[in-house]
Structure formats: structure tokens, C-alpha cells
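Reading through the C-alpha cells given below for one structure.
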Amino acid sequence: MTGLRTALRRGFDRAERALDQLFGADWNPLAHLGTIGWFLFWTVAITGIYLFVFFDTGVTAAYSSVEWLSQDHWWHAGVARSVHRYASDLMVLVMFTHLIREFAMDRYRGTRWFSWVTGVPVIWFVYLSGITGYWLVWDKLAQYVAVTTTELLDTLGIFGEPIARNFLAPDMLSGRFFTLMVFLHIAIPLLLLLLMWIHIQRITDARTRPPRGLAIILLVALVAGALAFPAPLQGAADLATVPQRIGIDWLLLSLYPVIESVPSGVIWAGVLVFTILLVGLPWLPPKSEGGAAQVFLDFCNGCGRCVADCPYTAITLEPRSDDAPFQFEVAVNSARCVACGICMGSCPSSSPFRRSGDLITGIDLPDYPLAELRAKVIDAAEALTGGAGSGRVLTLACGHGAGQGAAPGRVELPCVAMAPPAIFDYIISRGLADGVCIAGCAERDCQNRFGVEWTRQRIARERDPYLRARVPRERLLTVWAGVTEEKRLGRDIAAFSQRLAALPAFENIRPIADEEKAAVQKTTSRSAAE
Amino acid sequence: MTGRWHHLAMGTLVSLLVVFAVAWLSERPAWQSLPEDVALIRLSFTQSGVRNCRARTEEELAALARNMRQKQICDRRRAPVYVELDLNGTTVLARDLPPTGLSGSGPSRIYQRFELPAGDYDIALRLRDDPAMTGFTNTAERQITLEPAENLAIDYDAEAGGFIFH
Ligand code: HEM
Ligand code: SF4
Ligand code: SF4
């Protein structure tokens with residue numbers, strides 16, 4: 001499983017790099033599959049409502065109304081119909097790509113199981129919406145779908161009268177059954193919307209709108225596709241004959257040829273097994289995430305920065321429970337925390353400069369506390385070769401980007417936004433290195449959603465905690481690079497190192513005293529032993 | 001800004017290709033659900049088998065309240081309905097259709113497809129809803145010509161006189 005994931009992840013990274021060139025990183029469609037899914041849903045909903053104005057919901061007139069709107073009104077209603085169809089089809093494509101990508105990025109397990117599991121019923125509701133939609137056209141394809149579906153449903157034996165009898169002969173066709181389909185084609189998409197809403201409940205400020213440029217691109221492509229290939233009609237349904245050769249929608253109806261080709265038991269078992277496997281995937285095997293973030297009230301003033309920065313709605317502001325003179329404190333919901341450490345990086349108490357007592361901050365990761373980060377930074381600095389001013393680069397690397405894996409002079413983090421800006425200051429002002437490279441994951445889509453954005457804003461002094469103004473910016477390098485870009489990272493660091501070496505010596509260094517270093521390393525060896 | 005125009009142009013181009021591919025796949029390649037020269041007969045009906053009844057004895061009747069004194073007592077369970085279908089003299093279906101419902105009190109049902117090469121057929125149907133009887137409750141015989149892609153539905157309605165060809 002791990003091998004498959006890694007291979008997929010690298011594949012996605014390569015494809016996304018190519019799309020970065022074509023769309024720009026911020027419009028990269030592969031980094032926007034969730035938002036595109038939402039955009040397509042609304043596109044389908046709006047065109048659907050428009051089509052309803054022209055559609056006759058009676059079984060006898062349905063086909064002629066679709067024919068009429070496709071021909072006489074091709075330039076608006078016909079286009080709406082084609083866009084309605086192609087956007088639905090795209091939704092299937094986008095949904096499965098999104099599914100595979102979340103799997104590849106290992107964002108489906110651990111506390112993220114919720115998003116994954118709630119995504120599974122979405123799949124079926126997308127299909128059901130499409131199937132009921134094709135039914136309404138009441139052409140040959142609709143007839144084929146109606147008969148095949150009802151024959152399959154009848155194998156369940158839960159309907160008294162076989163419902164396929166509704167389509168036995170022209171004089172047995174029931175308008176009531178058709179009306180039920182019209183109703184379902186409205187009700188199922190509404191339920192789909194509800195499921196999509198549930199799907200993003202554990203995500204802070206879930207992105208449901210693509211960037212405007214990308215939305216325009218998609219809309220233009222859909223309308224152009226609709227004009228170039230108007231959705232066809234396959235002749236009115238006629239129950240006195242059987243459709244023999246039909247043009248099938250291989251995205252929404254690809255199961256139908258399978259339904260015809262294998263026994264119904266295999267279909268039902270297949271659907272069941274597929275669903276159960278998919279729902280169970282987050283536990284096959286489960287992910288061993290670090291422990292959830294912990295709050296230390298003695299160091300928390302209730303400022304709420306961590307609440308604002310947590311990407312997974314895991315932190316909430318609560319009324320103060322101790323006698324400290326603050327209004328609020330925070331609480332972590334461990335069932336939602338993915339241990340990204342972004343909250344630690346956002347806390348004003350996260351200062352590596354502190355010397356007295358143990359290095360504790362307001363909110364910390366039990367399995368990777370700030371004290372350990374500081375100790376690792378000092379260790380990594382010691383591994384750097386060359387003297388002060390020779391261009392020594394200490395790298396703080398995201399474990400999901402090009403900088404993943406151990407290397408000399410490198411400290412790996414679950415997310416670069418876990419590093420409080422004060423630590424950049426600390427590294428440079430204490431002379432641990434001549435410069436700091438912040439090697440995050442690819443900027444188009446951060447593994448932890450907001451890490452890239454927050455890091456950028458903190459450095460630019462647009463978001464708390466600000467990087468102190470005294471830190472020379474030419475001694476900071478940020479590299480956003482995905483897993484297949486190790487070479488570029490290496491090149492960027494080498495060039496950075498050369499630039500650093502050419503800089504005049506940094507004056508304001510206050511080196512760490514040896515006893516301080518020893519104390520730091522002692523606290524870490526203790527926390528490592530625990 | 002030239003970068004953004006480039007992205008708009010290239011992005012639209014790529015998206016167009018994807019939409020075209022999707023449009024193509026939404027219709028092609030065609031699926032051959034049935035071979036060209038095949039027709040379909042679907043035999044489907046709902047018919048209740050008889051119930052097994054006997055006359056009540058005098059003592060049994062006396063034990064009942066006056067308004068409940070029905071002469072017959074019947075099982076809840078219905079008898080299966082037996083149906084046969086011959087095509088050109090060959091029996092292609094001969095089946096006991098069990099009653100439906102948990103206690104077997106519901107009607108018997110069938111929905112059966114027969115995919116046949118187009119052509120002429122002698123078709124014979126026989127149905128028996130009471131296993132106790134010899135012979136059949138209803139029979140029907142026809143000569144039919146099935147056109148390719150024709151969908152012939154055969155229903156059964158005892159009140160309308162037996163088998164119905166749609
Ligand atoms: C058309 C259907 C779908 C839509 C519109 C959709 C939409 C979204 C959106 C908007 C997000 C939040 C992304 C963000 O803001 O960072 C998301 C996350 C996610 N989706 Fe979906 N989704 C769909 C189907 C699915 C399916 C079928 C699965 C898998 C079974 C799935 C698995 C996930 C996972 C695991 C995440 C969490 C990512 C994270 O933890 O950062 N989604 N989806
Ligand atoms: S570690 Fe990440 S997910 Fe957990 S509370 Fe902190 S910011 Fe939220
Ligand atoms: S950022 Fe730190 S001080 Fe502010 S509320 Fe969170 S834990 Fe408390």
C-alpha cells in the first residue's frame with residue numbers, strides 16, 4: 001500500500017508540475033479538484049433549473065420537449081442541456097481523481113478518516129443523480145437505462161410487483177413511475193448537496209469556490225464543448241422494440257454494460273464489497289499519527305491565533321478555566337487534530353530564545369515539542385561544515401515535499417508552518433547557520449492546507465506571529481517544491497549558499513553559550529527517553 | 001500579466017480537450033446491448049394460485065360465532081402457479097412459481113426474458129393455478145413473426161380470458 005501510494009504521489013506531483021506551467025500554480029486544476037467538484041455541482045444545478053422551464057414532466061411529452069428545446073432553442077436551452085450533461089460527466093472524472101489524489105497524499109487516514117468516509121456515499125449519489133437524469137429524456141438510451149435498472153432492482157425481491165413491468169409494453173407505461181423519476185432527479189441531487197456539505201465539515205474554511213480565473217476557464221470550456229458537440233438524442237423511446245445498439249455515457253452509465261454481462265448477484269456483491277472496502281480503507285492499515293496538540297494554560301493567553309490557523313477545526317476558544325487574567329483559553333479536539341504543528345508555530349509563546357526552565361509553549365505537539373525542535377536545530381547546525389560566513393544553510397523541511405527524509409543540516413517537520421518565525425530569527429541571530437532555507441511542499445496545494453500560506457504571511461509580516469523586522473530577509477529562502485523536485489531544491493540551496501557566502505559577515509550574532517546548549521540537549525534527551 | 005493571459009489561453013486549451021474527451025465518452029463507443037437480429041419476448045404476469053380449502057364440520061361451525069360461520073376453511077398459503085412456454089414445439093420454460101409473501105399468501109409472479117433470433121415462431125403457453133386439477137387453467141397458441149429488435153410482451157390476466165400478447 002505504501003509503495004502504491006508513493007508511486008501515485010510522485011505521479012501526481014509530476015503531472016501537477018506540468019499543469020503548473022499551463023495554468024499557474026494557483027489555478028492548477030489538480031490542486032483544486034474539491035472546488036471544481038463544487039463548481040460543477042452548481043453549474044449542473046443552475047442549468048438543471050433552467051432546463052426545467054422547458055421540460056415537460058409527463059412521460060408522453062417528455063421526449064418531444066427535450067427535442068424541441070435542443071433544436072428550436074439550441075442556442076440557450078440546448079446549450080444548457082449539453083453543459084448540464086458534460087458538467088455531470090466531468091464531476092465523475094473530478095471526483096475519482098480527487099479520491100485517488102487524497103489517497104496518494106495520505107490524507108484519508110488517521111483523524112482525516114471523516115472526510116474520506118463521508119466522501120464514499122457522495123460517489124453513489126453522483127451516479128444516481130446521473131442515472132435518474134438520463135431516464136428523464138425518455139429516448140432510446142433512457143428506455144435502456146429504465147429497463148436495465150428496474151430489472152436489476154427486481155432481483156433484490158423487495159418490490160411486490162416487479163417494477164420492470166412498468167416498461168413491458170407501450171400500453172403498460174406508467175406516468176406515475178415517470179413522475180417518481182422526475183421527483184428523484186431533484187431529490188437525489190439535493191441529498192448529494194447535503195452529503196457534500198457534511199463532507200467538508202471537519203475542514204477549516206473548506207475551499208468550495210475555485211479561483212475566478214479557473215472558474216472562467218472551466219465555464220468557457222464547457223460552453224465551447226456544448227456548442228461543438230451538442231448532447232444528442234437517440235430517438236424517442238418505444239417499448240414495442242428493444243434498443244439494441246445505444247450510445248452510452250461511459251462516465252455516468254459505465255456500470256450498465258457490466259450489469260448486462262454478469263449475474264445480478266455479482267453486481268450487488270460488487271457494489272457492497274467496493275463500498276465496504278472504500279469505507280474501511282482508512283484503517284487498512286491505520287495511520288500512526290503523532291499525538292494531538294496539547295494546551296499549556298500557563299503559557300496561553302487566549303489570543304486565539306492557533307484557532308485561526310488550525311486547518312482542521314481542531315481548536316476551539318473556551319472561557320478561561322483558571323484564575324489567569326484572560327478571558328479565553330483554547331481546547332484541542334484530539335479526534336480532529338492531525339498533528340501538523342501549525343498551531344505551535346502560530347503561538348506567541350513559541351519562542352526558542354527562552355532560557356529559564358523547560359521550553360514550554362501555549363500549544364505544543366507531545367511527540368514533537370518545541371523543545372525538541374530547538375534541540376534538533378542545534379544538532380543540525382553542528383553538522384554543518386565550514387565556518388561562520390561560509391554560506392552554511394540550515395534547512396527546515398516539510399516532510400511532504402522535496403525536502404523529505406534525513407540529510408545533513410536539515411530538520412524535518414510535519415509542516416513548515418510548525419516552525420514559529422522566532423526560530424528563523426534564533427538560527428540566524430545565534431549564528432547557528434548563515435541562512436535558513438524553508439523547504440515547504442508544493443505551493444499549489446499544501447499537505448496541511450494552510451502551511452504555505454501562513455508561512456508566507458508570517459514572513460511578510462502580514463499575519464501573527466510576525467517575523468521580527470531585525471531578521472535580514474536575504475538570509476531566508478523559501479522553496480516550495482513537491483516530492484519529485486529534490487534536484488531543484490538542491491540547486492536552490494546551493495545557489496542560496498553562494499549568495500550567503502558573498503554577503504558581508506552578519507554582525508548581530510550572540511552565540512549560544514555552551515552551558516545553554518548542554519541544557520537544551522539534556523531536555524531533549526529526557527523528552528526522547530520519555 | 002502576460003503570464004496570466006498565457007495561463008488563461010493554455011488552461012482553456014487543456015480544459016477544452018478534457019471537455020471534448022468527456023463529450024466523446026458521453027456517447028461513444030456505442031454499446032451493443034443485443035445483437036442486431038435478435039428480438040425479445042418478455043413473459044411477465046402476476047397470478048394467484050388457489051388456496052387449499054375444505055368444508056368445516058358441523059361441530060366446528062357450531063363453535064364459531066354466528067357471523068363467522070363460513071362453510072369453508074382455507075390455508076393461508078396459496079398453491080404455486082405452474083406455467084409452460086413452448087417455442088416451435090420445444091419447451092423452453094416449465095416452472096412452478098411459488099406464492100410470494102412470508103406466509104405464502106401472496107400471488108405468484110414471473111418476469112422472464114427470452115432473447116431469440118428474429119423469425120417465425122409457433123408459440124404455446126399453458127398455465128395451471130390449481131395443482132389438484134389435471135390439464136391447465138388456460139392455454140394459448142399463436143404463430144408469430146418476430147422482427148429484429150421487436151419487444152413482445154406476454155401478460156396473463158384470468159379475468160380478461162388468459163394470456164395477453166402486447
Ligand atoms: C464530487 C464529489 C466531491 C467533492 C465536491 C469534494 C469536495 C471536497 C472539498 C471541497 C474538500 C476540502 C478541500 C480543502 O478545502 O482543502 C475535500 C476534501 C477531502 N475529500 Fe472530497 N469531495 C468529493 C468527493 C470525495 C470522495 C469520493 C472522497 C473519497 C472517498 C473524498 C475524499 C476527501 C478527503 C480525504 C478530503 C480531506 C483532505 C484533507 O484532509 O485535507 N472526496 N473534498
Ligand atoms: S496540530 Fe494542526 S491539526 Fe492539530 S490542533 Fe494544531 S493546527 Fe490543528
Ligand atoms: S496561540 Fe498560544 S496563546 Fe494564543 S490561544 Fe493558542 S495556545 Fe493560547
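Each chain of the C-alpha cells is named A, B, ... in the order shown, its residues numbered from 1; ligands are numbered from 1 in display order.
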
(request) Give the residues of chain B that lie within 7 Å of chain A; count only C-alpha atoms, and format the answer as a list in words. (result) His7, Leu8, Met10, Gly11, Thr12, Ser15, Leu16, Val19, Phe20, Val22, Ala23, Leu25, Ser26, Glu27, Arg28, Pro29, Ala30, Trp31, Gln32, Ser33, Leu34, Pro35, Glu36, Ala149, Glu150, Asn151, Leu152, Ala153 and His166 of chain B

(request) Could you give me, as a list in words, the residues within 7 Å of Pro286 (chain A), counting only C-alpha atoms and dropping anything in the same chain fewer than 2 positions from it? (result) Arg109, Gly110, Pro282, Trp283, Leu284 and Ser288 of chain A

Could you turn the residues from that selection into a file that holds C-alpha atoms, as a PDB file, in the first residue's frame?
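Contents of result-v9.pdb, as written:
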ATOM      1  CA  ARG A 109      -6.404   8.089   7.246  1.00  0.00           C
ATOM      2  CA  GLY A 110      -5.957   8.931  10.873  1.00  0.00           C
ATOM      3  CA  PRO A 282      -8.510   4.464   6.285  1.00  0.00           C
ATOM      4  CA  TRP A 283      -7.957   1.538   8.654  1.00  0.00           C
ATOM      5  CA  LEU A 284      -6.236  -0.785   6.161  1.00  0.00           C
ATOM      6  CA  SER A 288       0.073   6.227  13.266  1.00  0.00           C
TER       7      SER A 288
END

(message) Which residues are close to Thr139 (chain B), i.e. within 9 Å by only C-alpha atoms, leaving aside same-chain residues fewer than 6 positions away? Reply as a list of chain:residue names.
(response)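 Listed by chain and then number, they are B:Ala124, B:Leu125, B:Arg126, B:Leu127, B:Arg128, B:Gly162, B:Phe163.
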
(request) Using CA of Cys446 (chain A) and atom 33 (C, counted along the ligand's line) of ligand 1 as the two end points, give the distance in Å to one decimal. (result) 14.5 Å

(message) At a cut-off of 12 Å around ligand 3, and using only C-alpha atoms and all ligand atoms, what residues come up? Please write them as a PyMOL selection string.
(response) chain A and resi 293-310+314-320+326-332+341-351+360-365+420+464-465

(request) Please measure the separation of CA of Ile41 (chain B) and CA of Arg109 (chain B), giving the value in Å to one decimal. (result)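 Separation between CA of Ile41 (chain B) and CA of Arg109 (chain B): 16.4 Å.
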
(request) Excluding region 47-55 of chain B and residues on its chain fewer than 6 positions from it, collect all residues at most 12 Å away from it, counting only C-alpha atoms, and give them as a ChimeraX atom specification. (result) /A:161 /B:61,69-83,96-101,104-111,127-133,137-138,155-159,162-163

(message) Around ligand 1, which protein and nucleic acid residues have at least one atom no more than 6 Å from it, if we count only C-alpha atoms and all ligand atoms? List them as a list in words.
(response)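 So, counting only C-alpha atoms and all ligand atoms, the residues near ligand 1 are Gly34, Thr35, Gly37, Trp38, Met91, Met95, Leu99, Glu102, Arg107, Tyr108, Arg112, Ser115, Trp116, Val117, Gly119, Val120, Val122, Ile123, Ile200, Ala206, Arg207, Thr208 and Arg449 of chain A.
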
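The interatomic distance for the pair CA of Asp445 (chain A) and CA of Arg488 (chain A) works out to 18.1 Å.
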
(request) Would you please give, as a list of chain:residue names, all residues of region 48-166 of chain B that DSSP assigns to alpha helix (DSSP H) based on the backbone? (result)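 So the alpha helix (DSSP H) residues in region 48-166 of chain B would be B:Glu58, B:Glu59, B:Glu60, B:Leu61, B:Ala62, B:Ala63.
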